[in-house]
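**Q** Here you go, run.csv (CSV, C-alpha atoms):
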```
chain,number,residue,atom,x,y,z
I,146,MET,CA,79.2,92.6,138.3
I,147,LYS,CA,77.7,92.1,134.9
I,148,THR,CA,74.4,93.7,135.9
I,149,ALA,CA,76.3,96.7,137.4
I,150,LEU,CA,78.1,97.2,134.1
I,151,ILE,CA,74.8,97.0,132.2
I,152,ILE,CA,73.2,99.6,134.5
I,153,ILE,CA,76.2,101.9,134.2
I,154,SER,CA,76.2,101.6,130.4
I,155,ILE,CA,72.5,102.3,130.2
I,156,ILE,CA,72.9,105.4,132.4
I,157,PHE,CA,75.7,106.8,130.3
I,158,ILE,CA,74.5,105.8,126.9
I,159,THR,CA,70.7,106.5,127.1
I,160,PRO,CA,71.1,110.3,126.7
I,161,MET,CA,72.7,109.7,123.3
I,162,ILE,CA,69.7,107.9,122.0
I,163,ASP,CA,67.6,111.0,122.5
I,164,ARG,CA,69.8,113.1,120.4
I,165,GLU,CA,67.7,114.4,117.4
I,166,GLU,CA,70.5,114.8,115.0
I,167,ILE,CA,73.1,112.0,115.0
I,168,THR,CA,76.2,113.2,113.4
I,169,GLY,CA,78.7,110.7,114.9
I,170,TYR,CA,82.4,111.1,115.4
I,171,ASN,CA,84.7,113.1,113.2
I,172,ILE,CA,88.5,112.7,112.8
I,173,GLY,CA,90.2,113.9,116.0
I,174,ASP,CA,87.2,113.3,118.2
I,175,TYR,CA,87.5,111.1,121.3
I,176,ALA,CA,85.4,108.0,121.2
I,177,THR,CA,83.6,106.9,124.3
I,178,ASP,CA,84.2,103.4,125.6
I,179,PHE,CA,81.4,100.9,125.5
I,180,SER,CA,80.5,97.7,127.3
I,181,LEU,CA,79.0,95.2,124.8
I,182,LYS,CA,78.3,91.5,124.9
I,183,ASN,CA,80.7,89.3,123.1
I,184,ILE,CA,79.8,86.0,121.4
I,185,ASP,CA,81.2,84.2,124.5
I,186,GLY,CA,78.7,86.0,126.7
I,187,GLU,CA,81.3,88.2,128.4
I,188,MET,CA,81.1,92.0,128.3
I,189,VAL,CA,83.9,93.7,126.3
I,190,SER,CA,85.1,97.3,126.7
I,191,LEU,CA,88.0,99.1,125.0
I,192,SER,CA,89.6,99.5,128.5
I,193,ASP,CA,89.9,95.7,128.8
I,194,PHE,CA,92.8,95.7,126.4
I,195,SER,CA,95.5,97.3,128.6
I,196,GLU,CA,98.3,96.4,126.1
I,197,ALA,CA,96.5,97.9,123.1
I,198,LYS,CA,97.8,101.1,121.5
I,199,GLY,CA,94.6,101.5,119.6
I,200,TYR,CA,91.8,99.6,117.9
I,201,ILE,CA,90.4,98.8,114.5
I,202,ILE,CA,86.6,98.9,115.1
I,203,SER,CA,84.5,97.2,112.4
I,204,PHE,CA,80.8,97.7,112.4
I,205,THR,CA,79.9,94.6,110.4
I,206,CYS,CA,77.3,91.8,110.4
I,207,ASN,CA,76.5,88.3,109.3
I,208,THR,CA,74.5,88.8,106.1
I,209,CYS,CA,75.3,92.0,104.3
I,210,PRO,CA,77.0,90.9,101.0
I,211,TYR,CA,79.7,93.5,101.6
I,212,SER,CA,80.4,92.3,105.1
I,213,VAL,CA,80.7,88.8,103.6
I,214,LEU,CA,83.0,90.0,100.9
I,215,TYR,CA,85.2,91.8,103.4
I,216,GLU,CA,85.1,89.2,106.1
I,217,GLN,CA,88.5,87.6,105.3
I,218,ARG,CA,90.1,91.1,104.9
I,219,ILE,CA,88.8,92.0,108.3
I,220,ILE,CA,90.4,88.9,109.8
I,221,ASP,CA,93.6,89.7,107.9
I,222,LEU,CA,93.6,93.2,109.4
I,223,ASP,CA,93.6,91.7,112.9
I,224,LYS,CA,96.4,89.2,111.9
I,225,LYS,CA,98.4,92.1,110.6
I,226,TYR,CA,97.8,94.8,113.3
I,227,ALA,CA,96.9,93.1,116.6
I,228,SER,CA,100.5,92.2,117.1
I,229,LYS,CA,101.4,95.9,116.5
I,230,GLY,CA,99.0,96.9,119.2
I,231,TYR,CA,95.8,97.5,117.1
I,232,PRO,CA,93.4,94.6,117.5
I,233,VAL,CA,90.2,94.4,115.5
I,234,ILE,CA,86.9,94.6,117.5
I,235,ALA,CA,83.9,93.8,115.4
I,236,ILE,CA,80.4,95.1,116.4
I,237,ASN,CA,77.2,93.9,114.9
I,238,PRO,CA,74.8,97.0,114.9
I,239,ASN,CA,71.8,95.4,113.3
I,240,ASP,CA,68.4,94.9,114.9
I,241,PRO,CA,67.9,91.1,114.7
I,242,SER,CA,64.1,91.5,114.6
I,243,LYS,CA,64.6,92.9,111.1
I,244,ASN,CA,66.6,89.9,110.0
I,245,SER,CA,66.7,86.7,112.1
I,246,ASP,CA,70.1,85.8,110.5
I,247,GLU,CA,71.6,88.7,112.5
I,248,SER,CA,70.6,87.1,115.8
I,249,PHE,CA,73.1,86.6,118.6
I,250,GLU,CA,73.0,82.8,118.0
I,251,LYS,CA,73.8,83.3,114.4
I,252,MET,CA,76.6,85.6,115.3
I,253,VAL,CA,78.1,82.9,117.5
I,254,ALA,CA,77.8,80.4,114.7
I,255,LYS,CA,79.3,82.9,112.2
I,256,ALA,CA,82.3,83.6,114.4
I,257,LYS,CA,82.9,79.9,115.0
I,258,GLN,CA,82.5,79.0,111.3
I,259,SER,CA,84.9,81.7,110.1
I,260,ASN,CA,87.2,81.4,113.1
I,261,TYR,CA,87.1,85.0,114.1
I,262,PRO,CA,90.3,85.9,116.0
I,263,PHE,CA,88.7,89.0,117.4
I,264,PRO,CA,85.7,89.8,119.6
I,265,TYR,CA,82.3,90.0,117.8
I,266,LEU,CA,80.1,92.2,119.9
I,267,VAL,CA,76.4,92.9,119.7
I,268,ASP,CA,75.1,96.5,120.1
I,269,GLU,CA,71.7,95.6,121.5
I,270,THR,CA,70.7,99.2,122.2
I,271,GLN,CA,72.4,100.5,119.1
I,272,ALA,CA,73.7,103.4,121.3
I,273,THR,CA,77.4,102.8,120.5
I,274,THR,CA,76.6,102.6,116.7
I,275,ARG,CA,74.8,105.9,116.9
I,276,ALA,CA,77.5,107.5,119.0
I,277,TYR,CA,80.1,106.5,116.4
I,278,GLY,CA,77.8,107.6,113.5
I,279,ALA,CA,78.2,104.3,111.6
I,280,THR,CA,75.7,104.1,108.8
I,281,ASN,CA,76.4,101.0,106.9
I,282,THR,CA,78.3,97.7,107.1
I,283,PRO,CA,81.2,97.2,107.0
I,284,HIS,CA,82.1,100.6,108.5
I,285,MET,CA,85.5,101.0,110.0
I,286,TYR,CA,86.9,103.3,112.7
I,287,VAL,CA,90.6,103.3,113.7
I,288,LEU,CA,91.2,104.6,117.2
I,289,GLN,CA,94.4,105.5,118.8
I,290,LYS,CA,94.9,105.4,122.6
I,291,ASP,CA,95.7,108.7,124.1
I,292,LYS,CA,96.3,108.0,127.8
I,293,ASP,CA,92.8,106.8,128.8
I,294,LYS,CA,91.1,108.3,125.8
I,295,TYR,CA,90.5,106.9,122.3
I,296,LYS,CA,91.2,109.3,119.5
I,297,VAL,CA,89.4,108.8,116.1
I,298,MET,CA,92.1,108.6,113.4
I,299,TYR,CA,90.3,107.1,110.4
I,300,ILE,CA,86.7,106.5,109.4
I,301,GLY,CA,85.5,104.7,106.3
I,302,THR,CA,86.0,101.7,104.2
I,303,ILE,CA,88.8,99.1,103.9
I,304,ASP,CA,89.9,99.5,100.3
I,305,ASN,CA,88.6,100.4,96.9
I,306,ASN,CA,87.5,97.0,95.6
I,307,PRO,CA,85.0,95.0,97.6
I,308,LYS,CA,84.5,92.6,94.7
I,309,ASP,CA,88.0,91.4,94.2
I,310,PRO,CA,90.8,91.7,96.8
I,311,GLU,CA,93.3,91.0,93.9
I,312,LYS,CA,92.2,94.2,92.1
I,313,VAL,CA,92.5,96.6,95.0
I,314,THR,CA,94.6,99.7,94.1
I,315,LYS,CA,93.9,101.8,97.2
I,316,PHE,CA,94.5,100.3,100.6
I,317,TYR,CA,92.9,102.9,102.8
I,318,ILE,CA,93.2,101.1,106.2
I,319,ASP,CA,96.7,99.8,105.5
I,320,ASP,CA,97.8,103.3,104.5
I,321,ALA,CA,96.2,104.8,107.6
I,322,MET,CA,97.8,102.2,109.8
I,323,ASN,CA,101.2,102.6,108.3
I,324,GLU,CA,101.0,106.4,108.9
I,325,ILE,CA,99.7,105.9,112.5
I,326,LEU,CA,102.4,103.3,113.3
I,327,SER,CA,105.1,105.6,112.0
I,328,GLY,CA,103.7,108.6,113.9
I,329,GLU,CA,102.7,110.5,110.8
I,330,GLU,CA,99.4,112.3,110.0
I,331,VAL,CA,96.8,110.1,108.3
I,332,LYS,CA,96.5,111.7,104.9
I,333,LEU,CA,93.3,110.2,103.7
I,334,SER,CA,91.4,109.9,107.0
I,335,LYS,CA,87.8,109.6,105.7
I,336,THR,CA,86.5,107.5,102.9
I,337,LYS,CA,83.0,106.3,101.8
I,338,ALA,CA,81.7,103.1,100.3
I,339,VAL,CA,78.4,101.6,99.3
I,340,GLY,CA,77.2,99.1,101.9
I,341,CYS,CA,74.1,97.8,103.6
I,342,GLY,CA,72.3,100.4,105.6
I,343,ILE,CA,72.3,99.6,109.3
I,344,LYS,CA,69.0,98.0,110.3
I,345,TRP,CA,67.8,100.4,113.0
I,346,LYS,CA,65.2,99.5,115.6
I,347,SER,CA,61.8,100.8,114.6
I,348,SER,CA,61.2,102.6,117.9
I,349,SER,CA,64.3,104.8,117.6
V,53,MET,CA,50.5,83.2,53.3
V,54,GLU,CA,48.6,86.1,54.8
V,55,MET,CA,48.2,84.1,58.0
V,56,LYS,CA,51.9,83.3,58.1
V,57,LYS,CA,52.8,87.0,57.8
V,58,LYS,CA,50.5,87.9,60.6
V,59,TYR,CA,52.1,85.3,62.9
V,60,PHE,CA,55.5,86.5,61.9
V,61,THR,CA,54.6,90.1,62.8
V,62,ILE,CA,53.2,89.1,66.1
V,63,ILE,CA,56.3,87.1,66.9
V,64,LEU,CA,58.5,90.0,65.9
V,65,LEU,CA,56.5,92.4,67.9
V,66,PHE,CA,56.6,90.1,70.9
V,67,LEU,CA,60.4,89.8,70.6
V,68,PHE,CA,60.8,93.5,70.1
V,69,SER,CA,58.7,94.5,73.1
V,70,SER,CA,60.3,92.0,75.4
V,71,ALA,CA,63.7,93.2,74.3
V,72,ILE,CA,62.8,96.7,75.2
V,73,SER,CA,61.4,95.8,78.7
V,74,GLN,CA,64.6,94.0,79.5
V,75,GLU,CA,67.0,96.6,78.4
V,76,ILE,CA,69.3,97.5,81.3
V,77,GLU,CA,72.1,99.9,80.4
V,78,VAL,CA,75.4,99.5,82.1
V,79,ILE,CA,76.8,103.0,82.8
V,80,ASP,CA,79.9,104.6,84.3
V,81,ILE,CA,80.1,107.5,86.6
V,82,SER,CA,80.5,110.1,83.9
V,83,GLN,CA,77.3,108.9,82.2
V,84,MET,CA,75.6,108.9,85.6
V,85,GLU,CA,76.6,112.5,86.1
V,86,SER,CA,75.3,113.4,82.6
V,87,ILE,CA,71.9,111.8,83.6
V,88,ILE,CA,71.8,113.9,86.8
V,89,HIS,CA,72.8,117.2,85.1
V,90,GLU,CA,71.0,116.9,81.8
V,91,GLU,CA,68.1,119.3,81.4
V,92,THR,CA,65.1,117.5,80.3
V,93,GLY,CA,62.4,119.8,81.7
V,94,LYS,CA,61.3,116.9,83.9
V,95,THR,CA,61.9,116.2,87.6
V,96,LYS,CA,64.2,113.2,87.8
V,97,ILE,CA,63.9,110.7,90.6
V,98,ILE,CA,67.1,108.7,90.7
V,99,ASN,CA,66.9,105.8,93.1
V,100,PHE,CA,70.1,103.8,94.1
V,101,TRP,CA,69.3,100.2,94.9
V,102,ALA,CA,70.6,96.7,94.7
V,103,THR,CA,68.9,93.3,94.6
V,104,TRP,CA,70.6,92.3,97.8
V,105,CYS,CA,69.2,95.3,99.7
V,106,LYS,CA,66.0,94.3,101.3
V,107,PRO,CA,64.7,97.9,102.1
V,108,CYS,CA,65.5,98.9,98.5
V,109,VAL,CA,63.5,96.0,97.1
V,110,GLU,CA,60.6,96.9,99.5
V,111,GLU,CA,60.2,100.5,98.2
V,112,ILE,CA,60.6,99.7,94.4
V,113,PRO,CA,56.8,99.0,94.0
V,114,TYR,CA,56.2,102.6,95.1
V,115,PHE,CA,58.4,103.9,92.3
V,116,GLU,CA,56.8,101.5,89.9
V,117,ALA,CA,53.3,102.7,90.9
V,118,LEU,CA,54.4,106.4,90.3
V,119,ASN,CA,55.6,105.4,86.8
V,120,SER,CA,52.1,104.6,85.7
V,121,ASN,CA,50.4,107.3,87.7
V,122,PRO,CA,49.3,110.2,85.3
V,123,GLU,CA,49.6,112.6,88.2
V,124,PHE,CA,53.3,112.1,88.1
V,125,GLU,CA,53.8,112.2,84.4
V,126,ASP,CA,56.2,115.1,84.7
V,127,PHE,CA,58.6,113.0,86.7
V,128,GLU,CA,61.2,110.7,85.2
V,129,ILE,CA,62.1,107.7,87.3
V,130,ILE,CA,65.5,106.0,86.9
V,131,LEU,CA,66.5,103.0,89.1
V,132,VAL,CA,70.3,102.8,89.3
V,133,SER,CA,71.4,99.3,90.4
V,134,LEU,CA,74.6,99.0,92.3
V,135,ASP,CA,74.7,95.3,91.9
V,136,PHE,CA,78.0,94.0,90.5
V,137,VAL,CA,78.0,93.9,86.7
V,138,GLU,CA,78.7,90.2,86.7
V,139,GLN,CA,75.3,89.7,88.3
V,140,LEU,CA,73.4,91.8,85.6
V,141,ASP,CA,71.7,88.7,84.2
V,142,SER,CA,71.7,86.3,87.2
V,143,LYS,CA,70.3,88.9,89.7
V,144,VAL,CA,69.2,92.2,88.2
V,145,ARG,CA,67.5,91.1,85.0
V,146,LYS,CA,65.9,88.2,86.8
V,147,PHE,CA,64.5,90.5,89.5
V,148,VAL,CA,63.2,93.0,86.9
V,149,GLU,CA,61.5,90.3,85.0
V,150,LYS,CA,60.0,88.7,88.0
V,151,LYS,CA,58.6,92.0,89.3
V,152,GLU,CA,57.6,93.0,85.7
V,153,LEU,CA,59.1,96.4,86.2
V,154,THR,CA,58.5,99.0,83.5
V,155,LEU,CA,60.8,101.5,85.0
V,156,THR,CA,64.0,102.7,83.4
V,157,ILE,CA,66.8,100.7,84.9
V,158,LYS,CA,70.6,101.2,84.7
V,159,LEU,CA,73.5,99.5,86.4
V,160,LEU,CA,76.3,101.8,87.6
V,161,ASP,CA,79.4,99.7,87.1
V,162,ASP,CA,82.1,101.2,89.4
V,163,THR,CA,83.1,99.7,92.7
V,164,ASP,CA,85.7,102.3,93.5
V,165,TYR,CA,82.9,103.9,95.6
V,166,ASN,CA,85.0,106.5,97.4
V,167,SER,CA,85.9,108.0,94.0
V,168,TRP,CA,82.3,108.9,93.1
V,169,ILE,CA,79.9,108.9,96.1
V,170,ASN,CA,80.4,112.6,96.7
V,171,LYS,CA,79.7,113.4,93.1
V,172,ILE,CA,76.2,112.1,93.6
V,173,ASP,CA,75.8,113.9,96.9
V,174,PRO,CA,78.3,115.0,99.5
V,175,THR,CA,76.0,114.1,102.3
V,176,TRP,CA,75.6,110.5,101.2
V,177,SER,CA,77.3,108.0,103.4
V,178,GLY,CA,77.0,105.3,100.8
V,179,ALA,CA,74.2,103.3,102.4
V,180,ILE,CA,71.3,102.3,100.3
V,181,PRO,CA,68.5,102.9,99.5
V,182,ALA,CA,69.2,106.4,98.6
V,183,THR,CA,67.2,108.7,96.3
V,184,LEU,CA,68.1,111.9,94.5
V,185,VAL,CA,65.3,114.1,93.3
V,186,VAL,CA,66.4,116.8,90.9
V,187,ASN,CA,64.9,119.4,88.6
V,188,ASN,CA,67.5,121.2,86.6
V,189,SER,CA,65.1,123.7,85.1
V,190,TYR,CA,64.6,125.5,88.4
V,191,GLY,CA,67.7,124.2,90.1
V,192,LYS,CA,66.0,122.3,92.9
V,193,ARG,CA,67.5,119.1,94.3
V,194,LYS,CA,67.0,117.0,97.4
V,195,PHE,CA,68.8,113.9,98.5
V,196,PHE,CA,67.4,111.2,100.7
V,197,GLU,CA,69.4,108.5,102.4
V,198,LYS,CA,66.4,106.5,103.7
V,199,GLN,CA,63.8,103.9,102.9
V,200,PHE,CA,60.5,105.6,101.9
V,201,THR,CA,57.0,104.6,102.8
V,202,GLU,CA,54.6,105.2,99.8
V,203,GLN,CA,53.1,108.2,101.5
V,204,GLU,CA,56.5,109.8,102.4
V,205,LEU,CA,57.6,109.4,98.8
V,206,GLU,CA,54.5,111.1,97.4
V,207,ASN,CA,54.7,113.9,99.9
V,208,GLU,CA,58.3,114.6,99.0
V,209,LEU,CA,57.5,114.6,95.3
V,210,LEU,CA,54.5,116.9,95.7
V,211,GLU,CA,57.0,119.5,96.9
V,212,PHE,CA,58.6,119.4,93.5
V,213,LYS,CA,55.2,119.2,91.7
V,214,ASP,CA,54.0,122.5,93.2
V,215,GLN,CA,56.8,124.3,91.4
V,216,LEU,CA,56.1,123.0,88.0
```
Produce structure tokens that represent the structure in this file.

**A**
Amino acid sequence: MKTALIIISIIFITPMIDREEITGYNIGDYATDFSLKNIDGEMVSLSDFSEAKGYIISFTCNTCPYSVLYEQRIIDLDKKYASKGYPVIAINPNDPSKNSDESFEKMVAKAKQSNYPFPYLVDETQATTRAYGATNTPHMYVLQKDKDKYKVMYIGTIDNNPKDPEKVTKFYIDDAMNEILSGEEVKLSKTKAVGCGIKWKSSS
Amino acid sequence: MEMKKKYFTIILLFLFSSAISQEIEVIDISQMESIIHEETGKTKIINFWATWCKPCVEEIPYFEALNSNPEFEDFEIILVSLDFVEQLDSKVRKFVEKKELTLTIKLLDDTDYNSWINKIDPTWSGAIPATLVVNNSYGKRKFFEKQFTEQELENELLEFKDQL
């Protein structure tokens, strides 16, 4: 079963790797599902969460100082919004050969140490990361389920102060989630932040 | 007495020169914009980096080499650190001293990134390293969100050099 899933994902995902220009998703686009290995060894897809109304996808990693600074805030997002139908799914996009602290084993240790309440997936081929257009860590995408499709509602950063959660004055994800949950349009649907560039595989 | 004076001068000079080499100006976004838009007649290479960013640290020696290369004397290189200002001494200054950098270094102190990233370049995602090359005299600018090899960097700059 697992092998079949891997083969299927390779067949569907490989064409994306060849794309010359990777622009990624924009607001209103539909995100493709993925099948990525979780820290418990099981494959995880968006379609596994039948109860979910959407997802908060976080491209993040073990070592980037910004990922570390935002770690607790990502956990808090899951605590706040999983019960409202929007669980966090974390994806590590980095090539571990560029930094051994990004290895699968280190991901397992990190999730255990920080008690991640959400899946922490590894994007071994980096095809999902490319399809989404993530560029740095942490890079957040809020998706809303639309029948069996996943509509991109928000792309960007969590808030406007990585350094000090006490000094945040703009809560981008919270604002977007409140608007989504009350059926309103997301006013600020795209934000940018300084972060660690994703460590791409050398061959791609 | 003469001898004492001499020593005093040497010590003064030493203090003065080391003070100069360690000067890292902390700037805000409006000062950053002035640096970008100010017409100096030179081509400005503005590199955004941080001490925690491995690929940034890897390419800094190429910028340092350009700084002392007479072929590139018409270029002005400015390294803009995006480290937190609280780490100016513990991280940035320490790094600059260890690498014996002679480049102009500034620290852009503003972590409300979404408010200013587009002012540097609308195509910038916010990932570093990133480098802006700009010549205001003939209105040419190019933005790179990538890590350079030494050869790539020189090739890109030659494009600016040809127009001087």

**Q** For chain V, work out the contacting residues on chain I at 8 Å, counting all atoms listed in the file, and write them as an MDAnalysis selection string.

**A** chainID I and resid 210 280:281 305:308 336:342

**Q** So what do you get for atom CA of Ile81 of chain V versus atom CA of Glu138 of chain V, distance-wise?

**A** 17.4 Å

**Q** Using all atoms listed in the file, which protein or nucleic acid residues come within 8 Å of Ile303 of chain I? Drop anything in the same chain fewer than 6 positions from it, and give the result as a list of chain:residue names.

**A**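 Non-adjacent residues within range: I:Met285, I:Phe316, I:Tyr317, I:Ile318.
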
**Q** Quick one, how far is atom CA of Ser334 of chain I from atom CA of Asp240 of chain I?

**A**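 About the pair atom CA of Ser334 of chain I and atom CA of Asp240 of chain I: they are 28.6 Å apart.
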
**Q** Show which residues sit within 7 Å of Val287 of chain I, as a list in words. Count only C-alpha atoms, and ignore same-chain residues fewer than 4 positions away.

**A** Tyr200, Ile201, Ile202, Val297, Met298, Tyr299 and Ile300 of chain I
